[in-house]
$ cat input-v5.cif   # mmCIF, C-alpha atoms
data_run
#
loop_
_atom_site.label_atom_id
_atom_site.label_comp_id
_atom_site.auth_asym_id
_atom_site.auth_seq_id
_atom_site.Cartn_x
_atom_site.Cartn_y
_atom_site.Cartn_z
CA MET P 1 -62.88 33.85 -15.87
CA ILE P 2 -60.43 33.90 -18.73
CA PHE P 3 -57.36 31.78 -18.72
CA ALA P 4 -54.48 33.07 -20.72
CA SER P 5 -54.10 30.30 -23.22
CA GLY P 6 -51.34 31.99 -25.05
CA MET P 7 -49.23 32.73 -22.00
CA ASN P 8 -45.54 32.09 -22.52
CA VAL P 9 -44.90 29.21 -20.15
CA ASN P 10 -41.33 28.17 -19.52
CA ARG P 11 -41.55 24.46 -20.13
CA LYS P 12 -37.91 23.77 -19.42
CA SER P 13 -38.01 20.85 -17.05
CA VAL P 14 -36.22 20.98 -13.70
CA ARG P 15 -34.14 17.86 -13.10
CA LEU P 16 -32.94 16.83 -9.70
CA PRO P 17 -29.47 15.27 -9.45
CA LEU P 18 -30.98 11.98 -8.33
CA ILE P 19 -27.86 9.86 -8.33
CA GLY P 20 -25.94 12.21 -6.06
CA MET P 21 -28.93 12.55 -3.78
CA ILE P 22 -29.35 8.81 -3.48
CA ASP P 23 -25.65 8.49 -2.66
CA VAL P 24 -25.96 11.04 0.10
CA PHE P 25 -29.13 9.47 1.53
CA PHE P 26 -27.54 6.03 1.58
CA LEU P 27 -24.47 7.37 3.31
CA LEU P 28 -26.61 9.13 5.90
CA LEU P 29 -28.60 5.94 6.41
CA VAL P 30 -25.41 3.92 6.88
CA TYR P 31 -24.06 6.51 9.32
CA PHE P 32 -27.16 6.47 11.50
CA VAL P 33 -27.40 2.68 11.46
CA VAL P 34 -23.75 2.33 12.46
CA SER P 35 -23.78 5.05 15.11
CA ALA P 36 -27.02 3.77 16.64
CA SER P 37 -25.67 0.27 17.05
CA ILE P 38 -22.23 1.08 18.46
CA THR P 39 -22.97 3.85 20.92
CA LEU P 40 -24.17 2.41 24.18
CA PRO P 41 -25.55 4.91 26.67
CA GLU P 42 -23.40 5.54 29.72
CA ASP P 43 -23.69 7.92 32.62
CA GLU P 44 -21.50 8.72 35.59
CA LEU P 45 -21.47 9.13 39.35
CA SER P 46 -18.78 11.28 40.89
CA ALA P 47 -17.23 11.36 44.34
CA ALA P 48 -14.25 12.94 46.03
CA LEU P 49 -11.52 10.61 47.23
CA ARG P 50 -10.00 10.53 50.69
CA GLN P 51 -8.10 8.12 52.83
CA GLU P 52 -9.28 7.22 56.30
CA SER P 53 -6.34 8.89 58.09
CA VAL P 54 -7.12 12.21 56.40
CA VAL P 55 -10.81 11.91 57.24
CA ALA P 56 -10.06 11.34 60.92
CA SER P 57 -8.42 14.75 61.22
CA ALA P 58 -10.88 16.46 58.92
CA SER P 59 -13.32 19.28 59.50
CA ASP P 60 -15.44 20.83 62.23
CA LEU P 61 -18.73 19.69 60.77
CA GLN P 62 -19.59 16.06 61.24
CA PRO P 63 -20.53 14.41 57.95
CA GLN P 64 -22.97 11.58 57.60
CA TYR P 65 -21.37 8.17 57.27
CA VAL P 66 -22.81 5.54 55.00
CA GLU P 67 -21.38 2.06 55.15
CA VAL P 68 -21.98 -0.50 52.46
CA ARG P 69 -21.65 -4.13 53.50
CA ARG P 70 -22.25 -7.49 51.98
CA ALA P 71 -25.46 -9.22 53.08
CA VAL P 72 -26.95 -12.64 52.47
CA ASP P 73 -29.29 -11.31 49.80
CA GLY P 74 -26.80 -8.91 48.21
CA ALA P 75 -25.87 -5.82 50.17
CA GLU P 76 -27.05 -3.59 52.98
CA PHE P 77 -26.44 0.04 53.90
CA LYS P 78 -25.75 1.34 57.38
CA VAL P 79 -26.40 4.95 58.41
CA GLY P 80 -25.67 5.48 62.09
CA SER P 81 -27.37 2.58 63.80
CA ARG P 82 -29.92 2.04 61.05
CA VAL P 83 -29.45 -0.84 58.69
CA LEU P 84 -31.19 -0.40 55.35
CA ARG P 85 -31.85 -3.10 52.83
CA SER P 86 -32.52 -1.11 49.68
CA GLN P 87 -31.33 1.90 47.76
CA SER P 88 -34.73 3.61 48.03
CA GLU P 89 -34.71 3.23 51.84
CA LEU P 90 -31.21 4.68 51.97
CA GLU P 91 -32.22 7.60 49.81
CA GLN P 92 -35.25 8.29 51.99
CA VAL P 93 -33.21 8.26 55.21
CA LEU P 94 -30.46 10.42 53.73
CA SER P 95 -32.92 12.96 52.37
CA GLU P 96 -34.10 13.67 55.93
CA LEU P 97 -30.59 14.32 57.26
CA PRO P 98 -28.67 17.63 57.17
CA LYS P 99 -26.49 17.97 54.11
CA ASP P 100 -24.09 20.81 54.91
CA ALA P 101 -21.23 18.60 56.04
CA GLY P 102 -21.70 16.16 53.20
CA VAL P 103 -21.57 12.42 53.33
CA PHE P 104 -18.72 9.93 53.61
CA LEU P 105 -19.15 6.61 51.90
CA ARG P 106 -17.26 3.60 53.14
CA VAL P 107 -17.57 0.35 51.22
CA SER P 108 -16.39 -2.93 52.69
CA ASP P 109 -14.12 -5.04 50.52
CA ASP P 110 -16.56 -7.90 50.14
CA ALA P 111 -19.52 -5.74 49.12
CA PRO P 112 -20.39 -5.89 45.42
CA VAL P 113 -19.52 -2.96 43.19
CA TRP P 114 -23.16 -2.43 42.23
CA ALA P 115 -23.96 -1.74 45.88
CA ALA P 116 -21.27 0.95 46.02
CA ALA P 117 -22.78 2.53 42.92
CA ALA P 118 -26.27 2.25 44.45
CA ALA P 119 -25.08 4.08 47.58
CA LEU P 120 -23.45 6.79 45.45
CA GLN P 121 -26.66 7.20 43.50
CA ALA P 122 -28.76 7.35 46.67
CA CYS P 123 -26.49 10.04 48.16
CA HIS P 124 -26.69 12.03 44.96
CA ASP P 125 -30.46 11.65 44.67
CA ALA P 126 -30.90 12.63 48.32
CA GLY P 127 -29.34 15.99 47.50
CA TYR P 128 -25.79 15.67 48.82
CA GLU P 129 -23.26 17.75 46.92
CA LYS P 130 -20.25 16.88 49.04
CA LEU P 131 -19.79 13.20 48.53
CA THR P 132 -16.57 11.53 49.59
CA TYR P 133 -15.50 7.97 48.96
CA VAL P 134 -13.35 6.92 51.91
CA THR P 135 -10.74 4.20 51.62
CA LYS P 136 -8.71 2.53 54.31
CA ASP P 137 -4.99 3.25 54.51
CA MET I 1 -20.42 20.22 -8.45
CA THR I 2 -21.99 16.86 -7.62
CA PRO I 3 -18.70 14.99 -7.02
CA MET I 4 -17.55 17.82 -4.80
CA ILE I 5 -20.71 17.57 -2.69
CA ASP I 6 -20.19 13.80 -2.53
CA VAL I 7 -16.66 14.24 -1.29
CA VAL I 8 -17.65 16.83 1.29
CA MET I 9 -20.44 14.61 2.56
CA LEU I 10 -18.07 11.66 2.73
CA LEU I 11 -15.62 13.69 4.78
CA ILE I 12 -18.35 14.86 7.15
CA ILE I 13 -19.60 11.31 7.60
CA PHE I 14 -16.06 10.02 8.07
CA PHE I 15 -15.39 12.48 10.90
CA LEU I 16 -18.77 11.83 12.52
CA VAL I 17 -18.28 8.07 12.43
CA THR I 18 -14.70 8.21 13.71
CA SER I 19 -15.77 10.43 16.61
CA GLN I 20 -18.39 7.80 17.44
CA PHE I 21 -15.79 5.06 17.23
CA SER I 22 -13.48 6.90 19.61
CA GLN I 23 -16.24 6.62 22.21
CA SER I 24 -17.10 3.05 21.37
CA ILE I 25 -13.48 1.96 21.78
CA ARG I 26 -14.49 1.44 25.40
CA THR I 27 -14.81 -2.26 25.90
CA GLN I 28 -18.17 -3.77 26.65
CA ILE I 29 -18.50 -4.08 30.42
CA ASP I 30 -21.43 -4.99 32.60
CA LEU I 31 -21.55 -1.64 34.42
CA PRO I 32 -23.60 -0.90 37.56
CA LYS I 33 -27.15 -0.10 36.54
CA GLN I 34 -27.85 3.37 37.88
CA GLN I 35 -29.35 6.55 36.56
CA GLY I 36 -26.14 8.55 37.09
CA GLU I 37 -25.89 12.28 37.58
CA GLN I 38 -26.93 13.16 34.06
CA THR I 39 -24.48 16.01 33.75
CA ASP I 40 -23.30 17.42 30.46
CA ALA I 41 -19.74 17.88 31.67
CA ASP I 42 -17.02 17.44 29.08
CA THR I 43 -15.23 14.23 29.98
CA SER I 44 -13.10 13.94 26.89
CA GLY I 45 -9.85 14.75 28.73
CA ASP I 46 -10.36 12.23 31.48
CA ILE I 47 -8.49 9.00 31.98
CA VAL I 48 -10.88 6.14 31.39
CA VAL I 49 -10.00 2.84 33.01
CA ASP I 50 -11.86 -0.47 32.99
CA LEU I 51 -11.88 -2.43 36.23
CA LEU I 52 -12.76 -6.05 35.73
CA ALA I 53 -14.27 -8.34 38.36
CA ASP I 54 -10.97 -10.14 38.91
CA GLY I 55 -9.23 -6.86 39.71
CA SER I 56 -7.34 -6.53 36.44
CA ILE I 57 -7.48 -3.15 34.78
CA ARG I 58 -7.57 -2.11 31.15
CA LEU I 59 -6.67 1.16 29.58
CA GLU I 60 -8.18 1.72 26.14
CA GLY I 61 -8.78 -1.99 25.86
CA GLU I 62 -5.22 -2.98 26.75
CA ALA I 63 -4.35 -4.76 29.99
CA ILE I 64 -2.09 -2.72 32.23
CA SER I 65 -0.72 -3.35 35.70
CA LEU I 66 -2.01 -1.25 38.56
CA ASP I 67 1.48 0.07 39.27
CA SER I 68 1.96 1.20 35.67
CA PHE I 69 -1.44 2.84 35.65
CA ILE I 70 -0.81 4.71 38.89
CA ALA I 71 2.60 5.80 37.59
CA MET I 72 0.93 7.13 34.46
CA VAL I 73 -1.70 9.04 36.44
CA GLY I 74 0.97 10.37 38.78
CA ALA I 75 3.00 11.61 35.80
CA GLU I 76 -0.08 13.30 34.38
CA ILE I 77 -0.63 15.15 37.64
CA LEU I 78 3.06 15.96 37.94
CA HIS I 79 3.03 17.56 34.50
CA GLY I 80 0.53 20.14 35.54
CA ASN I 81 -2.79 18.43 35.00
CA ALA I 82 -3.78 18.65 38.65
CA GLN I 83 -7.43 18.49 37.73
CA THR I 84 -7.00 15.11 36.08
CA GLU I 85 -10.08 13.06 36.68
CA VAL I 86 -10.36 9.34 36.39
CA LEU I 87 -13.44 7.62 35.08
CA ILE I 88 -13.61 4.07 36.41
CA ARG I 89 -15.73 1.56 34.51
CA PRO I 90 -16.15 -1.28 37.00
CA GLU I 91 -17.84 -4.62 36.43
CA ARG I 92 -20.97 -4.50 38.53
CA ASN I 93 -20.67 -7.98 40.04
CA GLY I 94 -17.06 -7.71 41.13
CA PRO I 95 -16.15 -7.22 44.78
CA ALA I 96 -15.53 -3.64 45.90
CA MET I 97 -12.14 -4.75 47.17
CA HIS I 98 -10.54 -3.95 43.81
CA LEU I 99 -12.40 -0.64 43.53
CA ASN I 100 -11.25 0.31 47.03
CA LYS I 101 -7.69 -0.64 46.20
CA LEU I 102 -7.73 1.37 42.98
CA CYS I 103 -9.27 4.39 44.75
CA ARG I 104 -6.70 4.14 47.54
CA ARG I 105 -3.83 4.12 45.07
CA LEU I 106 -5.36 6.97 43.05
CA SER I 107 -5.79 9.01 46.21
CA SER I 108 -2.14 8.39 47.11
CA ALA I 109 -1.12 9.48 43.62
CA GLY I 110 -2.87 12.81 44.12
CA VAL I 111 -6.21 12.25 42.43
CA ARG I 112 -8.88 14.15 44.36
CA ALA I 113 -12.02 12.86 42.68
CA TYR I 114 -13.16 10.02 40.53
CA ARG I 115 -16.25 8.96 38.68
CA ILE I 116 -17.91 5.62 38.18
CA ALA I 117 -19.51 4.83 34.85
CA THR I 118 -23.03 3.46 34.98
CA THR I 119 -25.56 2.11 32.57
CA PRO I 120 -28.56 4.42 32.91
CA ILE I 121 -31.66 2.64 34.14
CA GLU I 122 -34.75 3.90 35.93
CA GLY I 123 -34.85 3.16 39.65
CA GLY I 124 -31.41 1.59 40.01
CA GLU I 125 -30.67 -1.91 41.25
CA GLY I 126 -29.96 -1.61 44.95
#
$ encode --input "input-v5.cif" --output "structure tokens"
Amino acid sequence: MIFASGMNVNRKSVRLPLIGMIDVFFLLLVYFVVSASITLPEDELSAALRQESVVASASDLQPQYVEVRRAVDGAEFKVGSRVLRSQSELEQVLSELPKDAGVFLRVSDDAPVWAAAAALQACHDAGYEKLTYVTKD
Amino acid sequence: MTPMIDVVMLLIIFFLVTSQFSQSIRTQIDLPKQQGEQTDADTSGDIVVDLLADGSIRLEGEAISLDSFIAMVGAEILHGNAQTEVLIRPERNGPAMHLNKLCRRLSSAGVRAYRIATTPIEGGEG
């Protein structure tokens, strides 16, 4: 094998603009550090709003009613005559019920907010699309 | 060329960071710990209100009376934004009394749906 020793090689060196590149990399680093530390993850649970008087004269289909009440150890959920102590129990019971008419959620004033959110989540996870948060007049 | 690239990059980073800050302007609140619905709906046009455990409410970090807030929401609906949605960020340990009251007033003002902000966590807390 013969190597061309006399080949005309372009020896002009290629120089990267290092200073500019370092600037850009530092700025990107700062951006990601800042954005990672200030953006806390949040999600949402949605529900329609209705007042009790409107609900009373509502539709032909009978929706499921979920009541959230304060209990000694936090909160409890009531579906019909069944009293449930946890979100997973509520979800299991709701998943076995018909969903066409949706579900009405009624939260007592002394129940904690996290229990209301837990009930909303359980209704959503059980597959209800029509979810209504009912308030007293 | 290099200074121009620097400037362009600075502008890009400025806009990215400010867009992040506009989200982080939400005050730190101990939200209910739930997975949420995990939807990708655009919520940028919604009214975001913080509901503290003592029943006081804050709009963009500023304390506001319930009456003023409801008047503002009512005006928003009156001016054609019938689909106005309200995102409530409630403190998880507060009593639901204040949430119920806020929902009742919102419903009276013509709001048809609301959303509760949650901190995503596997399994929930109920």
$ closest_atom_pairs --input "input-v5.cif" --of "chain I" --to "chain P" --cutoff "9 Å" --atoms "only C-alpha atoms" --output "tab-separated table"
residue	atom	partner	partner_atom	distance
I:Thr2	CA	P:Gly20	CA	6.3
I:Pro3	CA	P:Gly20	CA	7.8
I:Ile5	CA	P:Gly20	CA	8.2
I:Asp6	CA	P:Val24	CA	6.9
I:Met9	CA	P:Val24	CA	7.0
I:Leu10	CA	P:Leu27	CA	7.7
I:Ile13	CA	P:Tyr31	CA	6.8
I:Phe14	CA	P:Tyr31	CA	8.8
I:Leu16	CA	P:Tyr31	CA	8.2
I:Val17	CA	P:Tyr31	CA	6.7
I:Gln20	CA	P:Ser35	CA	6.5
I:Phe21	CA	P:Ile38	CA	7.7
I:Gln23	CA	P:Thr39	CA	7.4
I:Ser24	CA	P:Thr39	CA	5.9
I:Gln28	CA	P:Leu40	CA	9.0
I:Leu31	CA	P:Trp114	CA	8.0
I:Pro32	CA	P:Trp114	CA	4.9
I:Lys33	CA	P:Trp114	CA	7.3
I:Gln34	CA	P:Ala118	CA	6.8
I:Gln35	CA	P:Asp43	CA	7.0
I:Gly36	CA	P:Glu44	CA	4.9
I:Glu37	CA	P:Leu45	CA	5.7
I:Gln38	CA	P:Asp43	CA	6.3
I:Thr39	CA	P:Glu44	CA	8.1
I:Ala53	CA	P:Val113	CA	8.9
I:Leu87	CA	P:Glu44	CA	8.2
I:Pro90	CA	P:Val113	CA	7.2
I:Glu91	CA	P:Val113	CA	7.2
I:Arg92	CA	P:Trp114	CA	4.8
I:Asn93	CA	P:Pro112	CA	5.8
I:Gly94	CA	P:Pro112	CA	5.7
I:Pro95	CA	P:Pro112	CA	4.5
I:Ala96	CA	P:Val113	CA	4.9
I:Met97	CA	P:Asp109	CA	3.9
I:His98	CA	P:Asp109	CA	7.7
I:Leu99	CA	P:Val113	CA	7.5
I:Asn100	CA	P:Thr135	CA	6.0
I:Lys101	CA	P:Thr135	CA	7.9
I:Cys103	CA	P:Thr135	CA	7.0
I:Arg104	CA	P:Thr135	CA	5.7
I:Leu106	CA	P:Leu49	CA	8.3
I:Ser107	CA	P:Leu49	CA	6.0
I:Ser108	CA	P:Gln51	CA	8.3
I:Val111	CA	P:Leu49	CA	7.3
I:Arg112	CA	P:Leu49	CA	5.3
I:Ala113	CA	P:Ala48	CA	4.0
I:Tyr114	CA	P:Ala47	CA	5.7
I:Arg115	CA	P:Ser46	CA	4.1
I:Ile116	CA	P:Leu45	CA	5.1
I:Ala117	CA	P:Glu44	CA	4.4
I:Thr118	CA	P:Asp43	CA	5.1
I:Thr119	CA	P:Glu42	CA	5.0
I:Pro120	CA	P:Asp43	CA	6.0
I:Gly123	CA	P:Ser88	CA	8.4
I:Gly124	CA	P:Ala118	CA	6.8
I:Glu125	CA	P:Ala118	CA	6.8
I:Gly126	CA	P:Gln87	CA	4.7
$ write_last_selection --input "input-v5.cif" --atoms "C-alpha atoms" --output "PDB file, in the coordinates of the input"
ATOM      1  CA  THR I   2     -21.990  16.860  -7.620  1.00  0.00           C
ATOM      2  CA  PRO I   3     -18.700  14.990  -7.020  1.00  0.00           C
ATOM      3  CA  ILE I   5     -20.710  17.570  -2.690  1.00  0.00           C
ATOM      4  CA  ASP I   6     -20.190  13.800  -2.530  1.00  0.00           C
ATOM      5  CA  MET I   9     -20.440  14.610   2.560  1.00  0.00           C
ATOM      6  CA  LEU I  10     -18.070  11.660   2.730  1.00  0.00           C
ATOM      7  CA  ILE I  13     -19.600  11.310   7.600  1.00  0.00           C
ATOM      8  CA  PHE I  14     -16.060  10.020   8.070  1.00  0.00           C
ATOM      9  CA  LEU I  16     -18.770  11.830  12.520  1.00  0.00           C
ATOM     10  CA  VAL I  17     -18.280   8.070  12.430  1.00  0.00           C
ATOM     11  CA  GLN I  20     -18.390   7.800  17.440  1.00  0.00           C
ATOM     12  CA  PHE I  21     -15.790   5.060  17.230  1.00  0.00           C
ATOM     13  CA  GLN I  23     -16.240   6.620  22.210  1.00  0.00           C
ATOM     14  CA  SER I  24     -17.100   3.050  21.370  1.00  0.00           C
ATOM     15  CA  GLN I  28     -18.170  -3.770  26.650  1.00  0.00           C
ATOM     16  CA  LEU I  31     -21.550  -1.640  34.420  1.00  0.00           C
ATOM     17  CA  PRO I  32     -23.600  -0.900  37.560  1.00  0.00           C
ATOM     18  CA  LYS I  33     -27.150  -0.100  36.540  1.00  0.00           C
ATOM     19  CA  GLN I  34     -27.850   3.370  37.880  1.00  0.00           C
ATOM     20  CA  GLN I  35     -29.350   6.550  36.560  1.00  0.00           C
ATOM     21  CA  GLY I  36     -26.140   8.550  37.090  1.00  0.00           C
ATOM     22  CA  GLU I  37     -25.890  12.280  37.580  1.00  0.00           C
ATOM     23  CA  GLN I  38     -26.930  13.160  34.060  1.00  0.00           C
ATOM     24  CA  THR I  39     -24.480  16.010  33.750  1.00  0.00           C
ATOM     25  CA  ALA I  53     -14.270  -8.340  38.360  1.00  0.00           C
ATOM     26  CA  LEU I  87     -13.440   7.620  35.080  1.00  0.00           C
ATOM     27  CA  PRO I  90     -16.150  -1.280  37.000  1.00  0.00           C
ATOM     28  CA  GLU I  91     -17.840  -4.620  36.430  1.00  0.00           C
ATOM     29  CA  ARG I  92     -20.970  -4.500  38.530  1.00  0.00           C
ATOM     30  CA  ASN I  93     -20.670  -7.980  40.040  1.00  0.00           C
ATOM     31  CA  GLY I  94     -17.060  -7.710  41.130  1.00  0.00           C
ATOM     32  CA  PRO I  95     -16.150  -7.220  44.780  1.00  0.00           C
ATOM     33  CA  ALA I  96     -15.530  -3.640  45.900  1.00  0.00           C
ATOM     34  CA  MET I  97     -12.140  -4.750  47.170  1.00  0.00           C
ATOM     35  CA  HIS I  98     -10.540  -3.950  43.810  1.00  0.00           C
ATOM     36  CA  LEU I  99     -12.400  -0.640  43.530  1.00  0.00           C
ATOM     37  CA  ASN I 100     -11.250   0.310  47.030  1.00  0.00           C
ATOM     38  CA  LYS I 101      -7.690  -0.640  46.200  1.00  0.00           C
ATOM     39  CA  CYS I 103      -9.270   4.390  44.750  1.00  0.00           C
ATOM     40  CA  ARG I 104      -6.700   4.140  47.540  1.00  0.00           C
ATOM     41  CA  LEU I 106      -5.360   6.970  43.050  1.00  0.00           C
ATOM     42  CA  SER I 107      -5.790   9.010  46.210  1.00  0.00           C
ATOM     43  CA  SER I 108      -2.140   8.390  47.110  1.00  0.00           C
ATOM     44  CA  VAL I 111      -6.210  12.250  42.430  1.00  0.00           C
ATOM     45  CA  ARG I 112      -8.880  14.150  44.360  1.00  0.00           C
ATOM     46  CA  ALA I 113     -12.020  12.860  42.680  1.00  0.00           C
ATOM     47  CA  TYR I 114     -13.160  10.020  40.530  1.00  0.00           C
ATOM     48  CA  ARG I 115     -16.250   8.960  38.680  1.00  0.00           C
ATOM     49  CA  ILE I 116     -17.910   5.620  38.180  1.00  0.00           C
ATOM     50  CA  ALA I 117     -19.510   4.830  34.850  1.00  0.00           C
ATOM     51  CA  THR I 118     -23.030   3.460  34.980  1.00  0.00           C
ATOM     52  CA  THR I 119     -25.560   2.110  32.570  1.00  0.00           C
ATOM     53  CA  PRO I 120     -28.560   4.420  32.910  1.00  0.00           C
ATOM     54  CA  GLY I 123     -34.850   3.160  39.650  1.00  0.00           C
ATOM     55  CA  GLY I 124     -31.410   1.590  40.010  1.00  0.00           C
ATOM     56  CA  GLU I 125     -30.670  -1.910  41.250  1.00  0.00           C
ATOM     57  CA  GLY I 126     -29.960  -1.610  44.950  1.00  0.00           C
TER      58      GLY I 126
END
$ atom_distance --input "input-v5.cif" --atom1 "atom CA of P:Asp73" --atom2 "atom CA of I:Glu122"
21.3 Å
$ resolve_selection --input "input-v5.cif" --expression "the PyMOL selection byres ((chain P and resi 64) around 9)" --output "PyMOL selection string"
chain P and resi 62-63+65-66+79-80+94+97-99+101-105
$ residues_around --input "input-v5.cif" --residues "stretch 59-67 of chain I" --least-positions-apart "3" --cutoff "9 Å" --atoms "all atoms listed in the file" --output "PyMOL selection string"
chain I and resi 25-27+47-50+56+70-72+102+105
